[in-house]
Amino acid sequence: MKLHIPSVIRPRGRHRATPAPAAFVDPQPGTRWLRCDTTTCAHLTRPHTPEPDGAWTCTSCGTTTPAGTQ
Ligand SMILES: [Zn+2]
């Protein structure tokens, strides 16, 4: 006697395509890991991009830290 297994409980995924790995994004040149004192970043070290006036912009929350404070 052949047992019929409904398709809804049949194991799946064995032949599922492997998801492509996430692309590695190079950090922007000049990026520095600086402490961000906003509540959003909770004083954690986040990547900051340099501004033309010497300030640093947090890439996580977008807050600009004025030059000379870091
Ligand atoms: Zn931040």
# chains A, B, ... in the order shown; residues from 1 in each chain; ligands from 1

$ closest_atom_pairs --of "chain A" --to "ligand 1" --cutoff "10 Å" --atoms "only C-alpha atoms and all ligand atoms" --output "tab-separated table"
residue	atom	partner	partner_atom_place_in_ligand_line	distance
A:Leu34	CA	ligand 1	1 (Zn)	9.1
A:Arg35	CA	ligand 1	1 (Zn)	7.9
A:Cys36	CA	ligand 1	1 (Zn)	4.7
A:Asp37	CA	ligand 1	1 (Zn)	6.9
A:Thr38	CA	ligand 1	1 (Zn)	5.8
A:Thr39	CA	ligand 1	1 (Zn)	8.1
A:Thr40	CA	ligand 1	1 (Zn)	6.3
A:Cys41	CA	ligand 1	1 (Zn)	4.7
A:Ala42	CA	ligand 1	1 (Zn)	7.9
A:His43	CA	ligand 1	1 (Zn)	7.9
A:Leu44	CA	ligand 1	1 (Zn)	7.8
A:Thr45	CA	ligand 1	1 (Zn)	8.2
A:Arg46	CA	ligand 1	1 (Zn)	6.4
A:Pro47	CA	ligand 1	1 (Zn)	8.3
A:His48	CA	ligand 1	1 (Zn)	8.2
A:Thr57	CA	ligand 1	1 (Zn)	7.9
A:Cys58	CA	ligand 1	1 (Zn)	4.7
A:Thr59	CA	ligand 1	1 (Zn)	6.7
A:Ser60	CA	ligand 1	1 (Zn)	5.0
A:Cys61	CA	ligand 1	1 (Zn)	4.2
A:Gly62	CA	ligand 1	1 (Zn)	6.2
A:Thr63	CA	ligand 1	1 (Zn)	5.8
A:Thr64	CA	ligand 1	1 (Zn)	8.4
A:Thr65	CA	ligand 1	1 (Zn)	9.2

$ residues_around --residues "Pro29 of chain A" --least-positions-apart "2" --cutoff "12 Å" --atoms "only C-alpha atoms" --output "JSON, numbers by chain"
{"A": [25, 26, 27, 31, 32, 47, 48, 49, 50, 51]}

$ write_last_selection --atoms "C-alpha atoms" --output "CSV table (one decimal), in the first residue's frame"
chain,number,residue,atom,x,y,z
A,25,VAL,CA,29.7,47.7,0.3
A,26,ASP,CA,33.0,49.5,0.7
A,27,PRO,CA,32.8,52.3,3.2
A,31,THR,CA,34.9,57.4,6.8
A,32,ARG,CA,35.9,57.4,10.4
A,47,PRO,CA,30.9,55.4,10.9
A,48,HIS,CA,31.0,59.1,10.2
A,49,THR,CA,31.7,60.7,6.8
A,50,PRO,CA,33.7,63.9,6.6
A,51,GLU,CA,32.0,67.2,5.6

$ select_by_dssp --residues "chain A" --states "strand (DSSP E or B)" --output "list in words"
Arg32, Trp33, Leu34, Arg35, Thr45, Arg46, Pro47, His48, Thr49, Pro50, Trp56, Thr57, Cys58, Thr64 and Thr65 of chain A

$ write_last_selection --atoms "C-alpha atoms" --output "PDB file, in the first residue's frame"
ATOM      1  CA  ARG A  32      35.870  57.384  10.445  1.00  0.00           C
ATOM      2  CA  TRP A  33      34.390  55.433  13.326  1.00  0.00           C
ATOM      3  CA  LEU A  34      33.509  58.066  15.870  1.00  0.00           C
ATOM      4  CA  ARG A  35      31.297  58.126  18.928  1.00  0.00           C
ATOM      5  CA  THR A  45      30.819  54.244  17.772  1.00  0.00           C
ATOM      6  CA  ARG A  46      29.351  54.713  14.306  1.00  0.00           C
ATOM      7  CA  PRO A  47      30.858  55.379  10.884  1.00  0.00           C
ATOM      8  CA  HIS A  48      31.007  59.110  10.155  1.00  0.00           C
ATOM      9  CA  THR A  49      31.676  60.728   6.810  1.00  0.00           C
ATOM     10  CA  PRO A  50      33.683  63.945   6.576  1.00  0.00           C
ATOM     11  CA  TRP A  56      31.468  64.663  10.694  1.00  0.00           C
ATOM     12  CA  THR A  57      28.101  63.243   9.684  1.00  0.00           C
ATOM     13  CA  CYS A  58      26.886  60.047  11.304  1.00  0.00           C
ATOM     14  CA  THR A  64      26.444  66.242  11.977  1.00  0.00           C
ATOM     15  CA  THR A  65      29.078  66.667  14.652  1.00  0.00           C
TER      16      THR A  65
END

$ atom_distance --atom1 "atom CA of Phe24 of chain A" --atom2 "atom CA of Ala55 of chain A"
26.5 Å
